[in-house]
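As provided, model_15.cif (mmCIF, C-alpha atoms) reads as follows.
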```cif
data_model
loop_
_atom_site.label_atom_id
_atom_site.label_comp_id
_atom_site.auth_asym_id
_atom_site.auth_seq_id
_atom_site.Cartn_x
_atom_site.Cartn_y
_atom_site.Cartn_z
CA MET A 1 -52.73 -125.28 9.46
CA ASN A 2 -54.65 -122.13 10.20
CA HIS A 3 -52.06 -119.85 8.77
CA TYR A 4 -49.11 -119.77 6.41
CA SER A 5 -47.10 -117.06 4.74
CA LEU A 6 -45.69 -116.49 1.28
CA ASN A 7 -42.87 -114.32 0.06
CA ILE A 8 -43.79 -113.08 -3.41
CA ALA A 9 -41.67 -110.38 -5.05
CA GLY A 10 -40.30 -109.51 -1.63
CA TYR A 11 -43.78 -109.04 -0.13
CA ARG A 12 -44.37 -111.22 2.91
CA ILE A 13 -48.06 -112.14 2.91
CA LEU A 14 -49.66 -113.97 5.83
CA PHE A 15 -52.90 -115.89 5.25
CA ASN A 16 -54.61 -116.21 8.59
CA GLY A 17 -57.65 -118.51 8.96
CA LEU A 18 -60.26 -117.10 11.34
CA THR A 19 -63.06 -119.66 11.00
CA LYS A 20 -62.93 -122.69 13.28
CA GLY A 21 -62.66 -126.00 11.48
CA ILE A 22 -61.02 -124.73 8.32
CA THR A 23 -57.49 -125.49 7.20
CA LEU A 24 -55.59 -123.24 4.84
CA VAL A 25 -53.80 -125.34 2.25
CA PRO A 26 -51.31 -123.81 -0.19
CA SER A 27 -51.31 -125.31 -3.67
CA PRO A 28 -48.09 -126.97 -4.95
CA ALA A 29 -47.42 -123.81 -7.00
CA GLN A 30 -47.05 -121.87 -3.74
CA HIS A 31 -44.70 -124.29 -1.96
CA SER A 32 -41.39 -122.67 -2.85
CA PHE A 33 -42.81 -119.25 -1.93
CA ILE A 34 -43.64 -120.28 1.64
CA THR A 35 -41.64 -118.29 4.14
CA GLY A 36 -41.14 -118.12 7.90
CA ASN A 37 -43.24 -116.37 10.48
CA GLU A 38 -41.38 -113.10 10.70
CA GLY A 39 -42.75 -109.55 10.01
CA TYR A 40 -45.44 -109.20 7.37
CA ASP A 41 -46.15 -106.66 4.68
CA LEU A 42 -49.74 -107.86 4.38
CA VAL A 43 -52.03 -110.01 6.52
CA ILE A 44 -55.08 -111.51 4.82
CA ASN A 45 -57.65 -112.76 7.32
CA VAL A 46 -59.62 -115.64 5.82
CA THR A 47 -63.20 -116.44 6.79
CA ARG A 48 -65.37 -119.23 5.38
CA SER A 49 -68.85 -117.83 5.03
CA GLU A 50 -71.63 -116.87 2.67
CA VAL A 51 -70.65 -113.67 0.86
CA LYS A 52 -72.75 -110.69 1.89
CA MET A 53 -71.86 -107.38 0.34
CA PRO A 54 -72.34 -104.30 2.53
CA HIS A 55 -75.04 -101.81 1.54
CA GLY A 56 -73.80 -98.81 -0.38
CA THR A 57 -71.20 -100.51 -2.57
CA ARG A 58 -70.65 -99.11 -6.05
CA THR A 59 -69.46 -101.21 -8.99
CA VAL A 60 -66.43 -99.67 -10.69
CA PHE A 61 -65.05 -102.45 -12.87
CA ARG A 62 -66.31 -105.69 -14.40
CA ALA A 63 -64.47 -108.57 -16.01
CA PRO A 64 -66.13 -111.34 -18.04
CA TYR A 65 -64.93 -114.94 -17.95
CA VAL A 66 -62.83 -115.52 -21.03
CA GLU A 67 -61.26 -118.81 -22.07
CA GLU A 68 -58.60 -119.10 -24.71
CA ILE A 69 -59.54 -121.71 -27.30
CA ASN A 70 -56.86 -122.44 -29.93
CA GLY A 71 -55.22 -119.12 -29.05
CA VAL A 72 -58.45 -117.15 -29.52
CA PRO A 73 -60.08 -115.51 -26.46
CA VAL A 74 -63.73 -116.60 -26.19
CA LYS A 75 -66.11 -114.96 -23.74
CA LYS A 76 -67.85 -117.74 -21.76
CA ASN A 77 -69.75 -115.69 -19.21
CA ASN A 78 -70.43 -112.00 -18.63
CA LYS A 79 -69.81 -112.23 -14.90
CA PHE A 80 -66.47 -113.36 -13.52
CA TRP A 81 -65.04 -110.86 -11.11
CA THR A 82 -66.17 -107.37 -10.19
CA VAL A 83 -64.47 -104.50 -8.37
CA LEU A 84 -66.62 -102.37 -6.09
CA LYS A 85 -65.96 -99.33 -3.94
CA TYR A 86 -67.22 -99.06 -0.39
CA GLY A 87 -66.01 -95.83 1.17
CA ASP A 88 -62.22 -95.97 0.96
CA TYR A 89 -62.25 -99.75 0.62
CA ILE A 90 -61.90 -101.69 -2.60
CA LEU A 91 -63.94 -104.89 -2.72
CA ILE A 92 -63.15 -107.61 -5.23
CA GLN A 93 -65.96 -110.07 -5.69
CA THR A 94 -65.32 -113.17 -7.74
CA SER A 95 -66.80 -116.46 -8.80
CA PHE A 96 -64.75 -119.58 -9.61
CA PRO A 97 -65.90 -120.89 -13.00
CA ALA A 98 -63.05 -123.41 -13.13
CA ASN A 99 -63.62 -124.88 -9.66
CA GLU A 100 -66.93 -126.33 -8.48
CA ASP A 101 -65.89 -126.47 -4.80
CA TYR A 102 -65.66 -122.70 -4.52
CA ASN A 103 -68.83 -120.67 -5.01
CA GLU A 104 -67.88 -117.07 -4.45
CA ALA A 105 -65.41 -114.87 -2.59
CA VAL A 106 -64.79 -111.26 -1.76
CA VAL A 107 -61.52 -109.56 -0.83
CA PHE A 108 -61.76 -106.40 1.25
CA VAL A 109 -58.74 -104.35 0.19
CA ARG A 110 -57.88 -101.50 2.51
CA PRO A 111 -55.48 -99.13 0.73
CA GLY A 112 -52.78 -97.93 3.11
CA GLU A 113 -53.46 -100.71 5.62
CA LYS A 114 -51.58 -103.98 6.12
CA SER A 115 -54.65 -106.05 6.93
CA TRP A 116 -57.19 -107.21 4.34
CA ASP A 117 -60.09 -109.63 4.67
CA LEU A 118 -61.01 -112.55 2.44
CA VAL A 119 -64.43 -114.17 2.73
CA ILE A 120 -64.84 -117.44 0.83
CA ASP A 121 -68.09 -119.28 0.26
CA THR A 122 -67.02 -122.88 -0.28
CA SER A 123 -68.20 -126.39 0.44
CA VAL A 124 -64.70 -127.54 1.47
CA THR A 125 -62.88 -127.09 4.78
CA GLU A 126 -59.39 -127.33 3.30
CA ILE A 127 -59.16 -123.95 1.63
CA ASN A 128 -56.59 -122.59 -0.80
CA PRO A 129 -56.93 -118.82 -0.17
CA PHE A 130 -54.76 -118.00 -3.19
CA ILE A 131 -56.72 -120.01 -5.73
CA TYR A 132 -57.27 -118.62 -9.26
CA PRO A 133 -58.39 -115.86 -9.79
CA LEU A 134 -57.76 -114.66 -6.20
CA ASP A 135 -53.99 -114.98 -6.70
CA GLY A 136 -53.81 -112.54 -9.60
CA LEU A 137 -56.36 -110.16 -8.11
CA ILE A 138 -54.62 -109.96 -4.73
CA LEU A 139 -51.22 -109.50 -6.37
CA TYR A 140 -52.59 -106.88 -8.74
CA TYR A 141 -53.92 -104.67 -5.93
CA LEU A 142 -50.87 -105.25 -3.75
CA THR A 143 -48.52 -104.17 -6.54
CA ALA A 144 -50.74 -101.40 -7.95
CA LEU A 145 -51.04 -99.77 -4.53
CA ASN A 146 -47.27 -99.97 -4.04
CA GLY A 147 -46.25 -98.53 -7.41
CA ASP A 148 -44.97 -101.77 -8.98
CA ILE A 149 -45.51 -103.13 -12.48
CA PHE A 150 -47.39 -106.40 -13.02
CA ILE A 151 -46.86 -107.38 -16.62
CA HIS A 152 -47.46 -110.11 -19.20
CA GLY A 153 -43.98 -111.18 -20.12
CA SER A 154 -41.29 -113.80 -19.93
CA GLY A 155 -38.10 -113.06 -18.07
CA VAL A 156 -34.72 -114.76 -18.30
CA ARG A 157 -31.33 -114.40 -16.66
CA HIS A 158 -28.68 -115.09 -19.31
CA LYS A 159 -24.95 -114.62 -18.72
CA ASN A 160 -25.70 -112.42 -15.70
CA ARG A 161 -28.06 -110.15 -17.63
CA GLY A 162 -31.80 -109.98 -17.06
CA TYR A 163 -34.05 -109.73 -20.12
CA LEU A 164 -37.79 -109.11 -20.14
CA PHE A 165 -39.76 -110.10 -23.25
CA THR A 166 -43.21 -108.60 -23.06
CA GLY A 167 -46.14 -109.04 -25.40
CA SER A 168 -49.72 -110.17 -25.55
CA SER A 169 -50.81 -113.74 -26.11
CA GLY A 170 -49.18 -115.42 -29.14
CA LYS A 171 -46.31 -112.94 -29.49
CA GLY A 172 -43.66 -115.44 -28.43
CA LYS A 173 -43.08 -115.04 -24.69
CA SER A 174 -42.92 -118.76 -23.97
CA THR A 175 -40.97 -119.46 -27.17
CA LEU A 176 -38.23 -117.02 -26.15
CA ALA A 177 -38.13 -118.40 -22.60
CA CYS A 178 -37.74 -121.90 -24.04
CA LEU A 179 -34.99 -120.90 -26.50
CA PHE A 180 -33.03 -119.13 -23.77
CA SER A 181 -33.52 -122.04 -21.40
CA GLU A 182 -32.04 -124.40 -24.02
CA ALA A 183 -29.06 -122.01 -24.23
CA GLY A 184 -28.50 -122.36 -20.47
CA ALA A 185 -30.38 -119.30 -19.21
CA GLY A 186 -32.42 -119.30 -16.02
CA VAL A 187 -36.10 -118.66 -16.72
CA ILE A 188 -37.70 -116.38 -14.13
CA HIS A 189 -41.14 -116.94 -15.64
CA ASP A 190 -42.66 -117.42 -19.09
CA ASP A 191 -45.95 -115.57 -18.72
CA ARG A 192 -46.27 -112.90 -16.02
CA LEU A 193 -43.86 -110.99 -13.82
CA ILE A 194 -43.79 -108.39 -11.11
CA ILE A 195 -41.23 -105.62 -11.57
CA ARG A 196 -40.15 -103.60 -8.55
CA LYS A 197 -37.69 -100.75 -8.28
CA ARG A 198 -35.35 -101.50 -5.39
CA ASP A 199 -32.16 -99.54 -4.60
CA ASN A 200 -32.38 -97.89 -8.03
CA LYS A 201 -32.41 -101.27 -9.76
CA TYR A 202 -35.36 -102.93 -11.48
CA ILE A 203 -35.93 -106.47 -10.26
CA MET A 204 -38.28 -108.90 -11.98
CA TYR A 205 -39.92 -111.62 -9.89
CA ASN A 206 -42.01 -114.65 -10.69
CA THR A 207 -45.29 -115.42 -8.91
CA PRO A 208 -46.82 -118.81 -8.06
CA VAL A 209 -48.37 -120.22 -11.22
CA TYR A 210 -47.00 -123.67 -12.03
CA PRO A 211 -46.75 -126.61 -9.59
CA ASP A 212 -43.36 -126.86 -7.86
CA GLU A 213 -42.06 -123.73 -9.54
CA GLN A 214 -39.12 -122.17 -7.69
CA SER A 215 -39.35 -118.60 -6.43
CA SER A 216 -36.87 -116.57 -8.45
CA SER A 217 -35.85 -113.08 -9.48
CA ALA A 218 -33.27 -111.19 -11.53
CA GLU A 219 -32.14 -107.64 -12.08
CA LEU A 220 -33.43 -106.27 -15.37
CA ALA A 221 -30.98 -105.03 -18.00
CA VAL A 222 -33.08 -104.68 -21.15
CA VAL A 223 -36.80 -104.75 -21.95
CA TYR A 224 -38.07 -105.97 -25.31
CA LEU A 225 -41.55 -105.52 -26.78
CA ILE A 226 -41.75 -108.67 -28.87
CA GLY A 227 -43.37 -110.01 -32.01
CA HIS A 228 -42.60 -112.66 -34.60
CA GLY A 229 -40.65 -111.60 -37.69
CA ARG A 230 -38.86 -112.94 -40.77
CA GLU A 231 -35.51 -111.91 -39.33
CA ASN A 232 -34.13 -110.80 -35.99
CA VAL A 233 -34.46 -107.02 -35.73
CA SER A 234 -34.48 -104.70 -32.74
CA LEU A 235 -35.15 -100.98 -32.60
CA THR A 236 -34.81 -98.56 -29.72
CA LEU A 237 -38.08 -96.86 -28.79
CA THR A 238 -38.76 -93.29 -27.71
CA HIS A 239 -40.00 -92.93 -24.15
CA THR A 240 -43.53 -92.29 -25.39
CA GLU A 241 -43.51 -95.39 -27.62
CA ALA A 242 -42.05 -97.48 -24.81
CA ILE A 243 -44.64 -96.32 -22.28
CA THR A 244 -47.49 -96.96 -24.72
CA GLY A 245 -46.21 -100.45 -25.54
CA LEU A 246 -45.59 -101.42 -21.93
CA MET A 247 -48.94 -100.05 -20.72
CA SER A 248 -50.73 -102.28 -23.21
CA ASN A 249 -49.03 -105.36 -21.76
CA CYS A 250 -49.51 -104.51 -18.10
CA ILE A 251 -52.10 -106.22 -15.98
CA GLN A 252 -54.29 -103.27 -15.08
CA HIS A 253 -57.76 -102.26 -13.97
CA HIS A 254 -58.18 -98.78 -15.36
CA TRP A 255 -61.08 -97.59 -13.24
CA ASN A 256 -59.01 -95.56 -10.81
CA PRO A 257 -57.20 -92.43 -12.10
CA GLU A 258 -54.83 -92.54 -9.12
CA HIS A 259 -53.75 -96.12 -9.94
CA ILE A 260 -53.30 -95.19 -13.62
CA GLY A 261 -51.15 -92.23 -12.61
CA THR A 262 -49.04 -94.44 -10.34
CA LEU A 263 -48.56 -97.06 -13.07
CA THR A 264 -47.65 -94.54 -15.79
CA GLY A 265 -45.20 -92.97 -13.34
CA ALA A 266 -43.61 -96.36 -12.61
CA ILE A 267 -43.34 -97.14 -16.32
CA LEU A 268 -41.90 -93.71 -17.11
CA SER A 269 -39.26 -94.34 -14.45
CA LEU A 270 -38.48 -97.76 -15.96
CA VAL A 271 -38.16 -96.51 -19.55
CA THR A 272 -35.95 -93.66 -18.34
CA GLY A 273 -33.67 -96.06 -16.46
CA LEU A 274 -33.46 -98.99 -18.88
CA PRO A 275 -33.26 -99.54 -22.63
CA VAL A 276 -36.63 -100.53 -24.07
CA ARG A 277 -36.68 -101.92 -27.61
CA THR A 278 -38.97 -103.63 -30.05
CA LEU A 279 -37.87 -107.09 -31.09
CA LYS A 280 -39.02 -108.99 -34.15
CA PHE A 281 -37.54 -112.45 -34.00
CA VAL A 282 -37.20 -115.77 -35.76
CA PRO A 283 -38.06 -118.60 -33.35
CA ASP A 284 -34.74 -120.45 -33.42
CA ARG A 285 -31.47 -120.30 -31.51
CA SER A 286 -30.16 -117.40 -33.60
CA ILE A 287 -32.19 -115.05 -31.43
CA VAL A 288 -30.06 -115.86 -28.36
CA THR A 289 -26.86 -114.78 -30.09
CA PHE A 290 -28.67 -111.78 -31.54
CA ILE A 291 -29.73 -110.61 -28.06
CA GLU A 292 -26.23 -111.18 -26.67
CA ASP A 293 -24.85 -108.85 -29.38
CA ASP A 294 -27.73 -106.37 -29.27
CA GLU A 295 -26.13 -103.88 -26.93
CA MET B 1 -68.20 -79.73 -36.66
CA ILE B 2 -65.88 -77.69 -34.48
CA ASN B 3 -67.12 -74.23 -33.51
CA LEU B 4 -64.18 -71.85 -33.19
CA ASN B 5 -65.83 -70.04 -30.28
CA THR B 6 -66.26 -73.20 -28.18
CA ILE B 7 -64.21 -73.83 -25.05
CA TYR B 8 -63.17 -77.46 -24.71
CA PHE B 9 -61.99 -79.19 -21.54
CA ARG B 10 -59.77 -82.17 -20.90
CA SER B 11 -62.01 -85.09 -20.02
CA PRO B 12 -61.79 -86.03 -16.33
CA ARG B 13 -61.80 -89.65 -17.54
CA ILE B 14 -58.33 -89.28 -19.06
CA VAL B 15 -55.05 -89.59 -17.16
CA ALA B 16 -52.19 -87.75 -18.89
CA ARG B 17 -48.49 -88.42 -18.36
CA LYS B 18 -45.96 -86.04 -19.91
CA THR B 19 -42.75 -87.49 -21.28
CA GLY B 20 -40.38 -84.98 -22.87
CA ASP B 21 -42.46 -82.88 -25.26
CA GLU B 22 -45.12 -85.55 -25.69
CA TYR B 23 -47.99 -87.03 -23.70
CA VAL B 24 -49.37 -90.48 -23.08
CA LEU B 25 -53.14 -90.42 -22.46
CA VAL B 26 -54.84 -93.31 -20.69
CA PRO B 27 -58.65 -93.51 -20.50
CA VAL B 28 -60.36 -94.43 -17.25
CA THR B 29 -62.64 -97.38 -17.96
CA ASN B 30 -64.90 -99.82 -16.18
CA GLN B 31 -64.47 -102.79 -18.51
CA ILE B 32 -61.57 -105.02 -19.30
CA ALA B 33 -62.31 -104.88 -23.04
CA ASP B 34 -61.46 -101.15 -23.19
CA MET B 35 -58.10 -101.44 -21.54
CA LYS B 36 -55.87 -101.64 -24.59
CA SER B 37 -56.56 -98.04 -25.65
CA VAL B 38 -53.63 -95.77 -24.89
CA TYR B 39 -53.17 -92.57 -26.89
CA THR B 40 -50.14 -90.42 -27.52
CA LEU B 41 -49.78 -86.75 -28.39
CA ASN B 42 -46.86 -85.46 -30.41
CA THR B 43 -45.25 -82.08 -29.72
CA THR B 44 -48.02 -80.08 -31.43
CA GLY B 45 -50.77 -82.16 -29.81
CA ALA B 46 -49.08 -81.81 -26.43
CA PHE B 47 -48.94 -78.02 -26.84
CA ILE B 48 -52.65 -77.87 -27.74
CA TRP B 49 -53.47 -80.16 -24.80
CA GLU B 50 -51.72 -77.76 -22.45
CA GLN B 51 -53.77 -74.86 -23.85
CA LEU B 52 -57.00 -76.53 -22.72
CA ASP B 53 -57.23 -74.47 -19.56
CA GLY B 54 -61.00 -74.04 -19.49
CA MET B 55 -60.73 -70.43 -20.68
CA LYS B 56 -59.33 -70.46 -24.20
CA THR B 57 -61.61 -70.95 -27.21
CA VAL B 58 -60.58 -72.98 -30.23
CA ARG B 59 -59.86 -69.68 -32.01
CA ASP B 60 -57.52 -68.61 -29.15
CA ILE B 61 -55.67 -71.91 -29.39
CA ILE B 62 -55.20 -71.56 -33.16
CA SER B 63 -53.58 -68.22 -32.48
CA GLU B 64 -51.32 -69.75 -29.79
CA VAL B 65 -50.21 -72.51 -32.20
CA GLU B 66 -49.46 -69.88 -34.88
CA ASN B 67 -47.18 -68.05 -32.45
CA GLU B 68 -45.56 -71.07 -30.81
CA PHE B 69 -44.65 -72.95 -33.98
CA GLU B 70 -44.29 -69.91 -36.26
CA VAL B 71 -46.66 -71.34 -38.87
CA ASP B 72 -49.20 -69.52 -41.04
CA GLY B 73 -52.85 -69.19 -40.01
CA LYS B 74 -54.08 -71.88 -42.40
CA THR B 75 -51.59 -74.49 -41.14
CA ALA B 76 -52.42 -73.67 -37.52
CA LEU B 77 -56.16 -73.89 -38.27
CA ASN B 78 -55.78 -77.30 -39.94
CA ASP B 79 -53.56 -78.69 -37.15
CA VAL B 80 -55.88 -77.52 -34.39
CA LEU B 81 -59.08 -78.67 -36.12
CA ALA B 82 -57.56 -82.10 -36.79
CA PHE B 83 -56.62 -82.38 -33.12
CA PHE B 84 -60.10 -81.41 -31.91
CA HIS B 85 -61.85 -83.76 -34.34
CA ASP B 86 -59.78 -86.75 -33.17
CA MET B 87 -59.88 -85.91 -29.50
CA LYS B 88 -63.64 -85.30 -29.57
CA ASP B 89 -64.28 -88.62 -31.30
CA TYR B 90 -62.33 -90.49 -28.61
CA LEU B 91 -64.02 -88.45 -25.83
CA ILE B 92 -60.61 -87.19 -24.71
CA ILE B 93 -61.94 -83.64 -24.70
CA VAL B 94 -65.44 -82.44 -23.84
CA GLU B 95 -67.34 -79.18 -24.31
#
```
Written form, structure tokens:
Amino acid sequence: MNHYSLNIAGYRILFNGLTKGITLVPSPAQHSFITGNEGYDLVINVTRSEVKMPHGTRTVFRAPYVEEINGVPVKKNNKFWTVLKYGDYILIQTSFPANEDYNEAVVFVRPGEKSWDLVIDTSVTEINPFIYPLDGLILYYLTALNGDIFIHGSGVRHKNRGYLFTGSSGKGKSTLACLFSEAGAGVIHDDRLIIRKRDNKYIMYNTPVYPDEQSSSAELAVVYLIGHGRENVSLTLTHTEAITGLMSNCIQHHWNPEHIGTLTGAILSLVTGLPVRTLKFVPDRSIVTFIEDDE
Amino acid sequence: MINLNTIYFRSPRIVARKTGDEYVLVPVTNQIADMKSVYTLNTTGAFIWEQLDGMKTVRDIISEVENEFEVDGKTALNDVLAFFHDMKDYLIIVE
């Protein structure tokens, strides 16, 4: 097909192939997010071509390619993806170290506009326009420009309450998701979530990551900043402590003061509206009961 | 060394968000490795931050702290100098 659309966190995104002879192919992780052809929040026009950057671009942010080996981040390459400014446009240029079929790509992000461009230099004609790292980069700019929070965390819906467990790698996000799942909870996601404020409620959404994952969401009730401990202990945080902790776990590109201001504003709103606590926990089923009683 | 007659400015590469009587300060950066640095200012630090209006010298700010928090001159001097030392080191304020 030359086009398909996804509904991610309530955003309807149309991928529209412009080059003759290419087919846009969603990965299995995207299947449950595919939606119908009604109104779009964002159209991404996809062209298969050599990447040529316009003259006058300015690099504003660089990310190296880092692989986690035995839980330790190891820098494999200095160049992975780069953010550039070109007038009012934001250009995201990336390579694909984990995929030999894709050479390079650039996303032309137009803040305030509903139409972006994606140019992919690839040897294949069946193109996944949302392939790693394009998925995270597109979602980051979509959410950052709309005042949402894109955060490292696991989210569960347990007995009609939504809990977010946020922390960096190794803090226990997946462990908590697993323990709650065993106790009958629905897992929204175990690694990253989008949080949007809708009708004065905070809703957490999953994004396509794992094959055949179902699109899901839940209203948030409590946010926990997690870490392993010798016993289950939770403490309420001040607004300042909560903002600082949450900022550290957000997916963020801090080159743009306006985006930083928007994110800190969104987090301030969240910590004002919801309880945010630290949680040190023992990785066994006792934590589920502890959380149920922790209110 | 902090010169009491110097006027310091808030760095344009810092985004400040006030929450109650405190501030969260987030540096603007161009590398992913720097992104975990987020600073906070307590009530005294927040007050000093708000005095950085591009006109007041360090000496003026010491005097403002003395009045605002009703502390003696030595305490105010120590608090303000400690603030400026830290903030200068982290490039949160500039001359």
Exercise for the section: Check the smallest atom-to-atom distance from each of A:Val233, A:Asp117, A:Glu258, A:Asn99 to Leu14 of chain A using all atoms listed in the file, then report the winner. Expected result: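 Checking each candidate against Leu14 of chain A, we get A:Asp117 as the closest.
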Mind dumping a table of every chain A residue within 12 Å of chain B, with the nearest atom pair and its distance in Å to one decimal, using all atoms listed in the file, sorted by chain and rising number, as a Markdown table?
```
| residue | atom | partner | partner_atom | distance |
| --- | --- | --- | --- | --- |
| A:Arg58 | CA | B:Asn30 | CA | 11.7 |
| A:Thr59 | CA | B:Asn30 | CA | 8.6 |
| A:Val60 | CA | B:Asn30 | CA | 5.7 |
| A:Phe61 | CA | B:Asn30 | CA | 4.2 |
| A:Arg62 | CA | B:Gln31 | CA | 5.4 |
| A:Ala63 | CA | B:Ile32 | CA | 5.6 |
| A:Pro64 | CA | B:Ile32 | CA | 7.9 |
| A:Tyr65 | CA | B:Ile32 | CA | 10.6 |
| A:Val66 | CA | B:Ile32 | CA | 10.7 |
| A:Pro73 | CA | B:Ala33 | CA | 11.4 |
| A:Lys75 | CA | B:Ala33 | CA | 10.8 |
| A:Asn78 | CA | B:Gln31 | CA | 11.0 |
| A:Lys79 | CA | B:Gln31 | CA | 11.4 |
| A:Phe80 | CA | B:Ile32 | CA | 11.3 |
| A:Trp81 | CA | B:Ile32 | CA | 10.6 |
| A:Thr82 | CA | B:Gln31 | CA | 9.6 |
| A:Val83 | CA | B:Asn30 | CA | 9.1 |
| A:Leu84 | CA | B:Asn30 | CA | 10.5 |
| A:Ser168 | CA | B:Lys36 | CA | 10.6 |
| A:Thr238 | CA | B:Thr19 | CA | 9.5 |
| A:His239 | CA | B:Thr19 | CA | 6.7 |
| A:Thr240 | CA | B:Thr19 | CA | 6.4 |
| A:Glu241 | CA | B:Thr40 | CA | 8.3 |
| A:Ala242 | CA | B:Val24 | CA | 10.3 |
| A:Ile243 | CA | B:Val24 | CA | 7.6 |
| A:Thr244 | CA | B:Val38 | CA | 6.3 |
| A:Gly245 | CA | B:Val38 | CA | 8.8 |
| A:Leu246 | CA | B:Val38 | CA | 10.3 |
| A:Met247 | CA | B:Val38 | CA | 7.6 |
| A:Ser248 | CA | B:Lys36 | CA | 5.4 |
| A:Asn249 | CA | B:Lys36 | CA | 8.3 |
| A:Cys250 | CA | B:Lys36 | CA | 9.5 |
| A:Ile251 | CA | B:Met35 | CA | 9.5 |
| A:Gln252 | CA | B:Met35 | CA | 7.7 |
| A:His253 | CA | B:Ile32 | CA | 7.1 |
| A:His254 | CA | B:Val28 | CA | 5.2 |
| A:Trp255 | CA | B:Thr29 | CA | 5.0 |
| A:Asn256 | CA | B:Val28 | CA | 6.7 |
| A:Pro257 | CA | B:Val15 | CA | 6.2 |
| A:Glu258 | CA | B:Val15 | CA | 8.6 |
| A:His259 | CA | B:Val15 | CA | 9.8 |
| A:Ile260 | CA | B:Val15 | CA | 6.9 |
| A:Gly261 | CA | B:Val15 | CA | 6.5 |
| A:Thr262 | CA | B:Arg17 | CA | 10.0 |
| A:Leu263 | CA | B:Arg17 | CA | 10.1 |
| A:Thr264 | CA | B:Arg17 | CA | 6.7 |
| A:Gly265 | CA | B:Arg17 | CA | 7.5 |
| A:Ala266 | CA | B:Arg17 | CA | 11.0 |
| A:Ile267 | CA | B:Arg17 | CA | 10.3 |
| A:Leu268 | CA | B:Thr19 | CA | 7.5 |
| A:Ser269 | CA | B:Thr19 | CA | 10.3 |
| A:Val271 | CA | B:Thr19 | CA | 10.3 |
| A:Thr272 | CA | B:Thr19 | CA | 9.6 |
```
Since we have the selection now, will you write its residues out, keeping C-alpha atoms, as a JSON list (two decimals), keeping the file's coordinate frame?
```json
[["chain", "number", "residue", "atom", "x", "y", "z"],
["A", 58, "ARG", "CA", -70.65, -99.11, -6.05],
["A", 59, "THR", "CA", -69.46, -101.21, -8.99],
["A", 60, "VAL", "CA", -66.43, -99.67, -10.69],
["A", 61, "PHE", "CA", -65.05, -102.45, -12.87],
["A", 62, "ARG", "CA", -66.31, -105.69, -14.40],
["A", 63, "ALA", "CA", -64.47, -108.57, -16.01],
["A", 64, "PRO", "CA", -66.13, -111.34, -18.04],
["A", 65, "TYR", "CA", -64.93, -114.94, -17.95],
["A", 66, "VAL", "CA", -62.83, -115.52, -21.03],
["A", 73, "PRO", "CA", -60.08, -115.51, -26.46],
["A", 75, "LYS", "CA", -66.11, -114.96, -23.74],
["A", 78, "ASN", "CA", -70.43, -112.00, -18.63],
["A", 79, "LYS", "CA", -69.81, -112.23, -14.90],
["A", 80, "PHE", "CA", -66.47, -113.36, -13.52],
["A", 81, "TRP", "CA", -65.04, -110.86, -11.11],
["A", 82, "THR", "CA", -66.17, -107.37, -10.19],
["A", 83, "VAL", "CA", -64.47, -104.50, -8.37],
["A", 84, "LEU", "CA", -66.62, -102.37, -6.09],
["A", 168, "SER", "CA", -49.72, -110.17, -25.55],
["A", 238, "THR", "CA", -38.76, -93.29, -27.71],
["A", 239, "HIS", "CA", -40.00, -92.93, -24.15],
["A", 240, "THR", "CA", -43.53, -92.29, -25.39],
["A", 241, "GLU", "CA", -43.51, -95.39, -27.62],
["A", 242, "ALA", "CA", -42.05, -97.48, -24.81],
["A", 243, "ILE", "CA", -44.64, -96.32, -22.28],
["A", 244, "THR", "CA", -47.49, -96.96, -24.72],
["A", 245, "GLY", "CA", -46.21, -100.45, -25.54],
["A", 246, "LEU", "CA", -45.59, -101.42, -21.93],
["A", 247, "MET", "CA", -48.94, -100.05, -20.72],
["A", 248, "SER", "CA", -50.73, -102.28, -23.21],
["A", 249, "ASN", "CA", -49.03, -105.36, -21.76],
["A", 250, "CYS", "CA", -49.51, -104.51, -18.10],
["A", 251, "ILE", "CA", -52.10, -106.22, -15.98],
["A", 252, "GLN", "CA", -54.29, -103.27, -15.08],
["A", 253, "HIS", "CA", -57.76, -102.26, -13.97],
["A", 254, "HIS", "CA", -58.18, -98.78, -15.36],
["A", 255, "TRP", "CA", -61.08, -97.59, -13.24],
["A", 256, "ASN", "CA", -59.01, -95.56, -10.81],
["A", 257, "PRO", "CA", -57.20, -92.43, -12.10],
["A", 258, "GLU", "CA", -54.83, -92.54, -9.12],
["A", 259, "HIS", "CA", -53.75, -96.12, -9.94],
["A", 260, "ILE", "CA", -53.30, -95.19, -13.62],
["A", 261, "GLY", "CA", -51.15, -92.23, -12.61],
["A", 262, "THR", "CA", -49.04, -94.44, -10.34],
["A", 263, "LEU", "CA", -48.56, -97.06, -13.07],
["A", 264, "THR", "CA", -47.65, -94.54, -15.79],
["A", 265, "GLY", "CA", -45.20, -92.97, -13.34],
["A", 266, "ALA", "CA", -43.61, -96.36, -12.61],
["A", 267, "ILE", "CA", -43.34, -97.14, -16.32],
["A", 268, "LEU", "CA", -41.90, -93.71, -17.11],
["A", 269, "SER", "CA", -39.26, -94.34, -14.45],
["A", 271, "VAL", "CA", -38.16, -96.51, -19.55],
["A", 272, "THR", "CA", -35.95, -93.66, -18.34]]
```
Problem - Selection result of the PyMOL selection byres ((chain B and resi 84) around 12) on this file, as a PyMOL selection string - result: chain B and resi 1-4+6-10+45+48-49+52+57-59+61-62+77-83+85-95
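Atom CA of Thr94 of chain A sits 9.6 Å away from atom CA of Ile120 of chain A.
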Exercise for the section: Find the residues with any atom within 12 Å of (-46.5, -128.4, -8.8); use all atoms listed in the file and the coordinates as given in the file, and write the answer as a ChimeraX atom specification. Expected result: /A:26-32,208-214
